[in-house]
>>> print(open('model12.tsv').read())   # TSV, C-alpha atoms
chain	number	residue	atom	x	y	z
M	1	MET	CA	-56.88	42.81	-43.99
M	2	SER	CA	-54.20	45.38	-43.47
M	3	ASN	CA	-53.99	44.23	-39.87
M	4	SER	CA	-53.24	40.70	-40.75
M	5	HIS	CA	-50.80	41.88	-43.34
M	6	GLN	CA	-48.93	43.92	-40.71
M	7	GLU	CA	-49.12	41.24	-38.04
M	8	THR	CA	-47.34	38.58	-39.99
M	9	PRO	CA	-43.89	40.19	-40.11
M	10	GLN	CA	-44.32	41.33	-36.48
M	11	SER	CA	-45.12	37.84	-35.16
M	12	TRP	CA	-42.32	36.45	-37.38
M	13	LYS	CA	-40.00	39.00	-35.74
M	14	ARG	CA	-41.25	37.98	-32.32
M	15	HIS	CA	-40.55	34.34	-33.09
M	16	ILE	CA	-37.01	35.23	-34.15
M	17	GLN	CA	-36.63	37.20	-30.93
M	18	THR	CA	-37.95	34.32	-28.83
M	19	PHE	CA	-35.65	31.94	-30.68
M	20	LEU	CA	-32.62	34.16	-30.16
M	21	TRP	CA	-33.37	34.68	-26.50
M	22	GLY	CA	-33.91	30.96	-26.11
M	23	ALA	CA	-30.62	30.22	-27.84
M	24	ALA	CA	-28.85	32.79	-25.67
M	25	PHE	CA	-30.39	31.25	-22.55
M	26	LEU	CA	-29.37	27.76	-23.63
M	27	ALA	CA	-25.84	28.96	-24.36
M	28	VAL	CA	-25.52	30.57	-20.94
M	29	ALA	CA	-27.12	27.63	-19.15
M	30	GLY	CA	-25.03	25.19	-21.12
M	31	TYR	CA	-21.86	27.09	-20.28
M	32	GLY	CA	-22.86	27.07	-16.62
M	33	VAL	CA	-23.48	23.32	-16.65
M	34	MET	CA	-20.17	22.67	-18.42
M	35	THR	CA	-18.31	24.86	-15.95
M	36	ALA	CA	-19.94	23.09	-13.02
M	37	LEU	CA	-19.11	19.72	-14.57
M	38	ASN	CA	-15.53	20.78	-15.18
M	39	MET	CA	-15.16	21.93	-11.62
M	40	TYR	CA	-16.67	18.71	-10.36
M	41	LEU	CA	-14.58	16.49	-12.62
M	42	GLY	CA	-11.49	18.60	-12.03
M	43	GLY	CA	-11.88	18.15	-8.29
M	44	GLY	CA	-12.27	14.40	-8.70
M	45	ALA	CA	-9.71	13.98	-11.46
M	46	ARG	CA	-7.43	11.81	-9.34
M	47	GLU	CA	-10.15	9.21	-8.85
M	48	VAL	CA	-11.27	9.43	-12.45
M	49	ARG	CA	-7.83	8.18	-13.43
M	50	TYR	CA	-8.91	4.64	-12.58
M	51	SER	CA	-12.18	4.81	-14.45
M	52	GLY	CA	-10.28	4.19	-17.70
M	53	GLU	CA	-10.51	0.50	-16.99
M	54	ALA	CA	-10.13	-0.54	-20.58
M	55	ASP	CA	-6.76	1.22	-20.61
M	56	ILE	CA	-5.33	-0.97	-17.86
M	57	ARG	CA	-3.82	-4.00	-19.53
M	58	SER	CA	-1.39	-6.71	-18.59
M	59	GLU	CA	1.35	-6.27	-21.16
M	60	PHE	CA	4.99	-6.73	-20.26
M	61	SER	CA	8.32	-8.17	-21.27
M	62	LEU	CA	10.21	-9.09	-18.09
M	63	THR	CA	12.35	-11.78	-16.48
M	64	ASP	CA	10.86	-14.15	-13.92
M	65	HIS	CA	12.44	-15.31	-10.64
M	66	THR	CA	13.86	-18.40	-12.34
M	67	GLY	CA	15.69	-16.28	-14.92
M	68	GLN	CA	13.25	-16.96	-17.80
M	69	ASP	CA	12.27	-14.12	-20.13
M	70	VAL	CA	8.48	-13.88	-20.02
M	71	THR	CA	5.61	-11.82	-21.40
M	72	GLN	CA	1.93	-11.71	-20.46
M	73	ALA	CA	1.37	-14.44	-23.08
M	74	ASP	CA	3.17	-16.93	-20.81
M	75	TYR	CA	0.27	-16.62	-18.36
M	76	SER	CA	-2.55	-16.51	-20.91
M	77	ASP	CA	-3.90	-19.85	-19.69
M	78	ARG	CA	-4.68	-18.31	-16.30
M	79	TRP	CA	-6.13	-15.23	-14.68
M	80	GLN	CA	-3.49	-12.97	-13.16
M	81	MET	CA	-3.37	-11.39	-9.72
M	82	VAL	CA	-0.70	-8.68	-10.03
M	83	PHE	CA	0.99	-6.52	-7.40
M	84	PHE	CA	3.79	-3.97	-7.86
M	85	GLY	CA	6.23	-3.54	-4.94
M	86	PHE	CA	9.85	-4.00	-3.90
M	87	THR	CA	11.67	-6.36	-1.57
M	88	ASN	CA	13.20	-3.61	0.60
M	89	CYS	CA	9.67	-2.58	1.57
M	90	PRO	CA	9.16	-3.65	5.19
M	91	ASP	CA	5.47	-3.06	5.65
M	92	VAL	CA	3.01	-2.74	2.75
M	93	CYS	CA	4.63	-5.31	0.43
M	94	PRO	CA	4.98	-8.26	2.82
M	95	THR	CA	1.48	-7.54	4.11
M	96	THR	CA	0.02	-7.53	0.59
M	97	LEU	CA	2.01	-10.54	-0.67
M	98	ALA	CA	1.05	-12.55	2.41
M	99	TYR	CA	-2.56	-11.58	1.72
M	100	MET	CA	-2.25	-12.77	-1.90
M	101	ALA	CA	-0.72	-16.02	-0.61
M	102	SER	CA	-3.73	-16.53	1.68
M	103	VAL	CA	-6.07	-15.91	-1.26
M	104	MET	CA	-4.17	-18.51	-3.32
M	105	ASP	CA	-4.54	-21.08	-0.53
M	106	LEU	CA	-8.25	-20.28	-0.19
M	107	LEU	CA	-8.83	-20.73	-3.94
M	108	GLY	CA	-8.33	-24.47	-3.43
M	109	ASP	CA	-8.46	-26.33	-6.74
M	110	ASP	CA	-9.22	-23.09	-8.56
M	111	ALA	CA	-5.71	-21.87	-7.72
M	112	ASP	CA	-4.58	-23.63	-10.92
M	113	GLU	CA	-6.46	-20.97	-12.86
M	114	VAL	CA	-4.79	-17.98	-11.20
M	115	ALA	CA	-1.18	-16.78	-11.54
M	116	PRO	CA	-0.11	-14.58	-8.58
M	117	ILE	CA	2.51	-12.13	-9.88
M	118	PHE	CA	4.79	-9.73	-7.98
M	119	ILE	CA	6.46	-7.14	-10.24
M	120	THR	CA	9.31	-5.21	-8.62
M	121	VAL	CA	9.52	-1.45	-9.08
M	122	ASP	CA	13.12	-1.58	-7.83
M	123	PRO	CA	14.90	-3.75	-10.44
M	124	ALA	CA	18.31	-2.32	-9.52
M	125	ARG	CA	18.23	-4.20	-6.23
M	126	ASP	CA	15.62	-6.87	-6.94
M	127	THR	CA	17.63	-9.19	-9.13
M	128	VAL	CA	16.58	-12.68	-10.18
M	129	PRO	CA	18.28	-14.50	-7.24
M	130	ILE	CA	16.86	-12.01	-4.72
M	131	LEU	CA	13.37	-12.41	-6.17
M	132	GLU	CA	13.66	-16.19	-6.19
M	133	GLU	CA	14.36	-16.32	-2.48
M	134	TYR	CA	11.82	-13.61	-1.73
M	135	VAL	CA	8.76	-14.97	-3.57
M	136	SER	CA	9.30	-18.55	-2.41
M	137	ALA	CA	8.99	-17.35	1.19
M	138	PHE	CA	5.40	-16.24	0.53
M	139	HIS	CA	3.92	-18.90	-1.71
M	140	PRO	CA	5.28	-21.68	-3.91
M	141	ARG	CA	3.17	-20.39	-6.83
M	142	LEU	CA	4.11	-16.71	-6.44
M	143	ILE	CA	5.89	-15.44	-9.56
M	144	GLY	CA	8.45	-12.65	-9.16
M	145	LEU	CA	9.18	-10.45	-12.17
M	146	THR	CA	12.04	-8.02	-12.71
M	147	GLY	CA	13.75	-6.47	-15.72
M	148	THR	CA	15.58	-3.39	-16.85
M	149	GLU	CA	14.45	0.00	-15.56
M	150	SER	CA	12.70	0.68	-18.87
M	151	GLU	CA	11.02	-2.74	-19.02
M	152	VAL	CA	9.63	-2.25	-15.53
M	153	ALA	CA	8.55	1.31	-16.36
M	154	GLU	CA	6.71	0.04	-19.42
M	155	ALA	CA	4.94	-2.71	-17.48
M	156	ALA	CA	3.87	-0.20	-14.81
M	157	SER	CA	2.68	2.19	-17.49
M	158	ASN	CA	0.54	-0.52	-19.14
M	159	PHE	CA	-1.06	-1.24	-15.76
M	160	ARG	CA	-1.51	2.53	-15.30
M	161	THR	CA	0.23	2.20	-11.96
M	162	TRP	CA	2.77	4.56	-10.52
M	163	TYR	CA	6.00	4.45	-8.52
M	164	GLU	CA	8.77	6.81	-7.60
M	165	ARG	CA	12.16	6.65	-5.95
M	166	THR	CA	12.30	8.73	-2.76
M	167	GLU	CA	15.61	9.54	-1.12
M	168	ASP	CA	15.76	8.58	2.55
M	169	ASP	CA	19.08	8.60	4.37
M	170	SER	CA	17.81	6.18	6.99
M	171	ALA	CA	16.78	3.54	4.44
M	172	PRO	CA	18.99	0.78	3.06
M	173	ASP	CA	21.09	2.24	0.20
M	174	GLY	CA	19.59	5.63	1.00
M	175	TYR	CA	16.29	5.29	-0.84
M	176	LEU	CA	12.80	3.89	-0.72
M	177	MET	CA	10.27	3.34	-3.46
M	178	ALA	CA	6.84	4.92	-3.20
M	179	HIS	CA	4.28	2.82	-5.03
M	180	ALA	CA	0.59	2.08	-5.33
M	181	GLY	CA	-0.69	-0.82	-3.21
M	182	HIS	CA	-3.23	-2.21	-5.67
M	183	ILE	CA	-3.79	-5.84	-6.50
M	184	TYR	CA	-4.95	-6.10	-10.12
M	185	LEU	CA	-7.11	-8.99	-11.22
M	186	MET	CA	-6.54	-9.42	-14.95
M	187	ARG	CA	-8.33	-11.77	-17.34
M	188	PRO	CA	-6.38	-14.49	-19.18
M	189	ASP	CA	-6.27	-12.28	-22.30
M	190	GLY	CA	-4.61	-9.52	-20.25
M	191	ALA	CA	-7.71	-7.32	-20.01
M	192	PHE	CA	-8.54	-5.56	-16.78
M	193	GLU	CA	-11.14	-7.20	-14.54
M	194	ALA	CA	-10.93	-5.57	-11.10
M	195	VAL	CA	-8.64	-3.92	-8.60
M	196	TYR	CA	-8.37	-4.68	-4.88
M	197	GLN	CA	-6.39	-3.76	-1.80
M	198	ASP	CA	-5.37	-6.12	0.95
M	199	GLY	CA	-7.28	-4.18	3.59
M	200	GLY	CA	-10.40	-4.04	1.40
M	201	GLN	CA	-11.84	-7.43	2.29
M	202	PRO	CA	-10.71	-10.56	4.14
M	203	PRO	CA	-8.78	-13.04	1.95
M	204	ASP	CA	-11.61	-15.57	1.86
M	205	ALA	CA	-14.00	-12.91	0.52
M	206	LEU	CA	-11.61	-12.10	-2.32
M	207	ALA	CA	-11.06	-15.82	-3.01
M	208	GLN	CA	-14.83	-16.31	-3.28
M	209	GLU	CA	-15.15	-13.31	-5.54
M	210	ILE	CA	-12.42	-14.60	-7.85
M	211	ILE	CA	-13.95	-18.10	-7.94
M	212	GLY	CA	-17.22	-16.45	-8.98
M	213	LYS	CA	-15.48	-14.80	-11.94
M	214	LEU	CA	-13.46	-17.78	-13.23
G	1	MET	CA	-2.47	-10.38	24.69
G	2	ARG	CA	-2.10	-10.29	28.47
G	3	HIS	CA	1.50	-11.44	28.32
G	4	LEU	CA	2.28	-8.69	25.85
G	5	ILE	CA	1.18	-5.91	28.10
G	6	LEU	CA	4.04	-4.49	30.03
G	7	LEU	CA	3.34	-1.80	32.51
G	8	ALA	CA	6.63	0.00	32.74
G	9	ALA	CA	6.87	1.83	35.99
G	10	LEU	CA	9.57	4.37	35.56
G	11	ALA	CA	10.16	4.91	39.23
G	12	PHE	CA	13.90	4.61	38.71
G	13	TRP	CA	13.98	7.57	36.37
G	14	PRO	CA	14.07	10.77	38.36
G	15	VAL	CA	13.13	12.99	35.39
G	16	SER	CA	9.85	11.20	34.91
G	17	ALA	CA	9.22	9.74	38.29
G	18	HIS	CA	5.47	9.59	37.75
G	19	ALA	CA	5.18	8.81	34.06
G	20	ASP	CA	3.90	5.44	32.99
G	21	VAL	CA	4.01	4.18	29.45
G	22	ILE	CA	1.82	1.21	28.68
G	23	ILE	CA	3.05	-0.84	25.76
G	24	SER	CA	0.70	-3.40	24.27
G	25	ASP	CA	0.11	-5.49	21.15
G	26	GLY	CA	3.80	-5.60	20.31
G	27	TRP	CA	4.90	-7.95	17.54
G	28	ALA	CA	7.33	-8.22	14.68
G	29	ARG	CA	6.87	-9.80	11.29
G	30	ALA	CA	9.18	-12.63	10.34
G	31	SER	CA	11.55	-11.30	7.71
G	32	ILE	CA	12.00	-12.99	4.37
G	33	LEU	CA	15.71	-12.39	3.93
G	34	ALA	CA	18.29	-11.17	6.42
G	35	SER	CA	19.29	-8.60	3.80
G	36	ARG	CA	15.80	-7.09	3.73
G	37	PRO	CA	14.35	-4.80	6.39
G	38	ALA	CA	11.89	-6.16	8.92
G	39	ALA	CA	8.99	-4.42	10.63
G	40	ALA	CA	7.75	-4.36	14.21
G	41	TYR	CA	4.56	-2.88	15.62
G	42	LEU	CA	3.19	-1.92	19.03
G	43	THR	CA	0.80	0.40	20.81
G	44	LEU	CA	2.10	3.03	23.22
G	45	GLN	CA	0.15	5.00	25.74
G	46	SER	CA	1.86	7.46	28.03
G	47	ASP	CA	0.09	9.12	30.92
G	48	GLU	CA	2.21	12.21	30.35
G	49	GLU	CA	3.08	13.92	27.10
G	50	ASP	CA	6.25	12.33	25.77
G	51	GLN	CA	8.00	11.36	22.57
G	52	LEU	CA	9.46	8.09	21.39
G	53	ILE	CA	12.86	9.15	20.06
G	54	GLY	CA	14.77	5.94	19.61
G	55	VAL	CA	14.42	2.20	19.23
G	56	ALA	CA	17.21	-0.36	19.32
G	57	THR	CA	17.52	-4.13	19.13
G	58	PRO	CA	20.65	-6.27	19.24
G	59	ILE	CA	19.88	-7.95	15.92
G	60	ALA	CA	19.44	-4.79	13.81
G	61	GLY	CA	22.10	-2.26	12.86
G	62	HIS	CA	19.56	0.47	13.19
G	63	VAL	CA	15.85	0.98	13.67
G	64	THR	CA	13.82	3.89	12.41
G	65	ILE	CA	10.26	4.89	13.08
G	66	HIS	CA	8.51	5.12	9.72
G	67	GLY	CA	5.23	6.72	8.88
G	68	VAL	CA	3.25	5.68	5.81
G	69	GLU	CA	1.20	8.21	3.94
G	70	THR	CA	-1.23	6.85	1.40
G	71	ASP	CA	-2.71	9.36	-1.01
G	72	ALA	CA	-5.96	9.33	-2.99
G	73	ASP	CA	-4.40	7.09	-5.65
G	74	SER	CA	-3.43	4.67	-2.89
G	75	VAL	CA	0.23	5.41	-3.48
G	76	SER	CA	2.14	4.69	-0.27
G	77	ARG	CA	5.10	6.82	0.73
G	78	MET	CA	7.21	6.10	3.78
G	79	SER	CA	9.01	8.78	5.70
G	80	ALA	CA	11.19	8.62	8.79
G	81	ILE	CA	9.79	10.08	12.01
G	82	ASP	CA	12.55	11.38	14.31
G	83	ALA	CA	10.31	11.78	17.34
G	84	LEU	CA	6.93	10.11	17.62
G	85	ASN	CA	4.58	12.27	19.68
G	86	LEU	CA	2.78	10.54	22.51
G	87	PRO	CA	-0.03	12.80	23.68
G	88	SER	CA	-0.93	12.38	27.31
G	89	GLY	CA	-3.34	9.49	27.84
G	90	GLU	CA	-3.87	8.77	24.14
G	91	PRO	CA	-2.86	5.44	22.64
G	92	VAL	CA	-0.59	5.67	19.61
G	93	THR	CA	-0.79	2.56	17.46
G	94	LEU	CA	1.86	1.28	15.10
G	95	ALA	CA	0.25	-1.20	12.71
G	96	PRO	CA	0.61	-2.64	9.18
G	97	GLY	CA	-0.07	-0.02	6.53
G	98	GLY	CA	0.65	2.77	9.01
G	99	ILE	CA	3.44	3.76	11.34
G	100	HIS	CA	5.93	0.96	11.87
G	101	LEU	CA	9.37	0.31	13.24
G	102	MET	CA	11.71	-0.46	10.35
G	103	LEU	CA	14.56	-2.73	11.38
G	104	MET	CA	17.55	-2.51	9.07
G	105	ALA	CA	20.95	-4.12	8.68
G	106	LEU	CA	19.77	-7.30	10.38
G	107	THR	CA	22.48	-9.65	11.59
G	108	GLU	CA	20.04	-12.53	11.22
G	109	LYS	CA	16.57	-12.87	9.80
G	110	LEU	CA	13.62	-12.76	12.14
G	111	GLU	CA	12.32	-16.29	12.56
G	112	GLU	CA	8.68	-16.93	13.30
G	113	GLY	CA	8.16	-18.15	16.86
G	114	THR	CA	11.14	-16.33	18.32
G	115	ILE	CA	11.18	-13.27	20.56
G	116	LEU	CA	12.56	-9.91	19.54
G	117	PRO	CA	13.97	-7.67	22.29
G	118	LEU	CA	13.47	-3.94	21.80
G	119	THR	CA	14.79	-0.99	23.79
G	120	LEU	CA	12.65	2.12	23.51
G	121	THR	CA	14.06	5.54	24.39
G	122	PHE	CA	11.80	8.47	25.20
G	123	ALA	CA	12.35	12.22	25.15
G	124	SER	CA	11.69	12.24	28.88
G	125	GLY	CA	14.85	10.20	29.29
G	126	ALA	CA	13.03	7.00	30.06
G	127	LYS	CA	14.22	3.74	28.54
G	128	ILE	CA	11.96	0.71	28.39
G	129	GLU	CA	13.00	-2.78	27.41
G	130	ILE	CA	10.36	-5.07	25.97
G	131	SER	CA	10.23	-8.34	24.10
G	132	VAL	CA	7.78	-8.92	21.28
G	133	PRO	CA	6.87	-12.17	19.53
G	134	VAL	CA	7.92	-12.72	15.93
G	135	LEU	CA	4.83	-13.75	13.97
G	136	GLY	CA	4.59	-15.25	10.49
G	137	PRO	CA	5.14	-13.23	7.32
G	138	GLY	CA	1.38	-13.24	6.75
G	139	ALA	CA	0.40	-11.97	10.19
G	140	SER	CA	-1.56	-8.75	10.44
G	141	GLY	CA	-1.45	-8.45	14.21
G	142	PRO	CA	-0.96	-10.28	17.49
G	143	ARG	CA	-3.62	-12.90	18.09
G	144	GLU	CA	-6.10	-11.71	20.65
G	145	GLU	CA	-7.07	-14.20	23.30
>>> encode(input="model12.tsv", output="structure tokens")
Amino acid sequence: MSNSHQETPQSWKRHIQTFLWGAAFLAVAGYGVMTALNMYLGGGAREVRYSGEADIRSEFSLTDHTGQDVTQADYSDRWQMVFFGFTNCPDVCPTTLAYMASVMDLLGDDADEVAPIFITVDPARDTVPILEEYVSAFHPRLIGLTGTESEVAEAASNFRTWYERTEDDSAPDGYLMAHAGHIYLMRPDGAFEAVYQDGGQPPDALAQEIIGKL
Amino acid sequence: MRHLILLAALAFWPVSAHADVIISDGWARASILASRPAAAYLTLQSDEEDQLIGVATPIAGHVTIHGVETDADSVSRMSAIDALNLPSGEPVTLAPGGIHLMLMALTEKLEEGTILPLTLTFASGAKIEISVPVLGPGASGPREE
């Protein structure tokens, strides 16, 4: 009887000990897992940036290549295929815009449901008349958008895209624009659907993919 | 492609009497506006280590060799290359999205279907004149036949 009376507090103590050790173990293990996760996510943080898909939205107040003030609402009857670039860009921009033009041609009748949009990141040089001549050379449906520096910055920020002026003595006017080469496919309500690059797939593959989504 | 391949025998150049540079797949993209820079591309292969240090064409005020660096966020940055290294026997390709010749201050826009003359100057002292076809704004390379 005395045994059982003595055992109870001892086993109770043991349980507390086991619990505390368990908690300590979990805390250490948990810390280790969190640290490993942090290291892993920290290393991949640049890619993670684009996982915030819901954050990417087509929202802008700009001027189109015909001189009209427009917002995303003006294209709400269509899907949008959006690319940010600048007309003094000799390589990536013409390549991507020509690719978008091919996609538009390959959409056939479905092209009516897609608005291809080129937003300049160099509004100082890419004025309405320059854009008008530029976009018409690629595709009759291509829409060129420009605006003030702050309007363009806001549009780029809503698309979570990035650009930067880089000084280059050999370039026209002494500078170039660094920019992301993504083509954003946005839903008619301005929500993000997908992102592509011109080298990612042949134009007919992208056209088929878009037709599948319409 | 065969008509694009020029085997430039530099026998006339005493400093590089034995060097051959093979230039292939040359082309330029039709430019949209005369006021906007144009791009030209080609592949160079020298049988001796050399550098491409200059490019000229009568229709452009100046031509620079531009490299494109694309980072993990797919942001493209261009930077001028003063001397493009040509390792011995290794082809160096200039292509869309990568190294390209940037033609600036055009006196006329590049029209599809025309021919663009280019003069290439090498560190060895060699000069090679070539002509490349001007392809459409949507071209991604010379058509292989």
>>> closest_residue(input="model12.tsv", among="M:Leu106, M:Ala171, M:Leu62, M:Ile143", to="chain G", atoms="all atoms listed in the file")
M:Ala171
>>> closest_residue(input="model12.tsv", among="M:Pro116, M:Gly212, M:Pro140, M:Pro90", to="chain G", atoms="all atoms listed in the file")
M:Pro90
>>> atom_distance(input="model12.tsv", atom1="atom CA of M:Ser76", atom2="atom CA of M:Gly200")
26.7 Å
>>> residues_around(input="model12.tsv", residues="M:Asp126", least_positions_apart="3", cutoff="8 Å", atoms="all atoms listed in the file", output="number ranges by chain")
M: 86-87, 120, 122-123, 130-131, 146
>>> residues_around(input="model12.tsv", residues="G:Leu101", least_positions_apart="4", cutoff="6 Å", atoms="all atoms listed in the file", output="PyMOL selection string")
chain G and resi 39-40+64-65
>>> residues_around(input="model12.tsv", residues="G:Ala139", least_positions_apart="2", cutoff="10 Å", atoms="all atoms listed in the file", output="list in words")
Pro94, Thr95, Ala98 and Tyr99 of chain M; Trp27, Ala28, Arg29, Ala30, Pro96, Val134, Leu135, Gly136, Pro137, Gly141, Pro142 and Arg143 of chain G
>>> atom_distance(input="model12.tsv", atom1="atom CA of G:Pro117", atom2="atom CA of G:Ala56")
8.5 Å
>>> interface_residues(input="model12.tsv", of="chain M", to="chain G", cutoff="6 Å", atoms="only C-alpha atoms", output="list in words")
Asn88, Pro90, Val92, Ala98, Ala178, His179 and Ala180 of chain M
>>> write_last_selection(input="model12.tsv", atoms="C-alpha atoms", output="PDB file, in the frame of the given file")
ATOM      1  CA  ASN M  88      13.200  -3.610   0.600  1.00  0.00           C
ATOM      2  CA  PRO M  90       9.160  -3.650   5.190  1.00  0.00           C
ATOM      3  CA  VAL M  92       3.010  -2.740   2.750  1.00  0.00           C
ATOM      4  CA  ALA M  98       1.050 -12.550   2.410  1.00  0.00           C
ATOM      5  CA  ALA M 178       6.840   4.920  -3.200  1.00  0.00           C
ATOM      6  CA  HIS M 179       4.280   2.820  -5.030  1.00  0.00           C
ATOM      7  CA  ALA M 180       0.590   2.080  -5.330  1.00  0.00           C
TER       8      ALA M 180
END
>>> atom_distance(input="model12.tsv", atom1="atom CA of M:Ser150", atom2="atom CA of M:Ser61")
10.2 Å
>>> residues_around(input="model12.tsv", residues="G:Leu52", least_positions_apart="6", cutoff="7 Å", atoms="only C-alpha atoms", output="JSON, numbers by chain")
{"G": [83, 84, 85, 121, 122, 123]}
>>> closest_residue(input="model12.tsv", among="M:Gln201, M:Ser170, M:Thr148, M:Ser136", to="M:His65", atoms="all atoms listed in the file")
M:Ser136
>>> residues_around(input="model12.tsv", residues="M:Glu193", least_positions_apart="2", cutoff="12 Å", atoms="all atoms listed in the file", output="compact mmCIF listing (two decimals) with C-alpha atoms, keeping the file's coordinate frame")
# COMPACT_ATOMS: atom_id res chain seq x y z
CA GLY M 52 -10.28 4.19 -17.70
CA GLU M 53 -10.51 0.50 -16.99
CA ALA M 54 -10.13 -0.54 -20.58
CA ASP M 55 -6.76 1.22 -20.61
CA ILE M 56 -5.33 -0.97 -17.86
CA ARG M 57 -3.82 -4.00 -19.53
CA SER M 58 -1.39 -6.71 -18.59
CA TRP M 79 -6.13 -15.23 -14.68
CA GLN M 80 -3.49 -12.97 -13.16
CA MET M 81 -3.37 -11.39 -9.72
CA VAL M 82 -0.70 -8.68 -10.03
CA PHE M 159 -1.06 -1.24 -15.76
CA ILE M 183 -3.79 -5.84 -6.50
CA TYR M 184 -4.95 -6.10 -10.12
CA LEU M 185 -7.11 -8.99 -11.22
CA MET M 186 -6.54 -9.42 -14.95
CA ARG M 187 -8.33 -11.77 -17.34
CA PRO M 188 -6.38 -14.49 -19.18
CA ASP M 189 -6.27 -12.28 -22.30
CA GLY M 190 -4.61 -9.52 -20.25
CA ALA M 191 -7.71 -7.32 -20.01
CA VAL M 195 -8.64 -3.92 -8.60
CA TYR M 196 -8.37 -4.68 -4.88
CA GLU M 209 -15.15 -13.31 -5.54
CA ILE M 210 -12.42 -14.60 -7.85
CA LYS M 213 -15.48 -14.80 -11.94
CA LEU M 214 -13.46 -17.78 -13.23
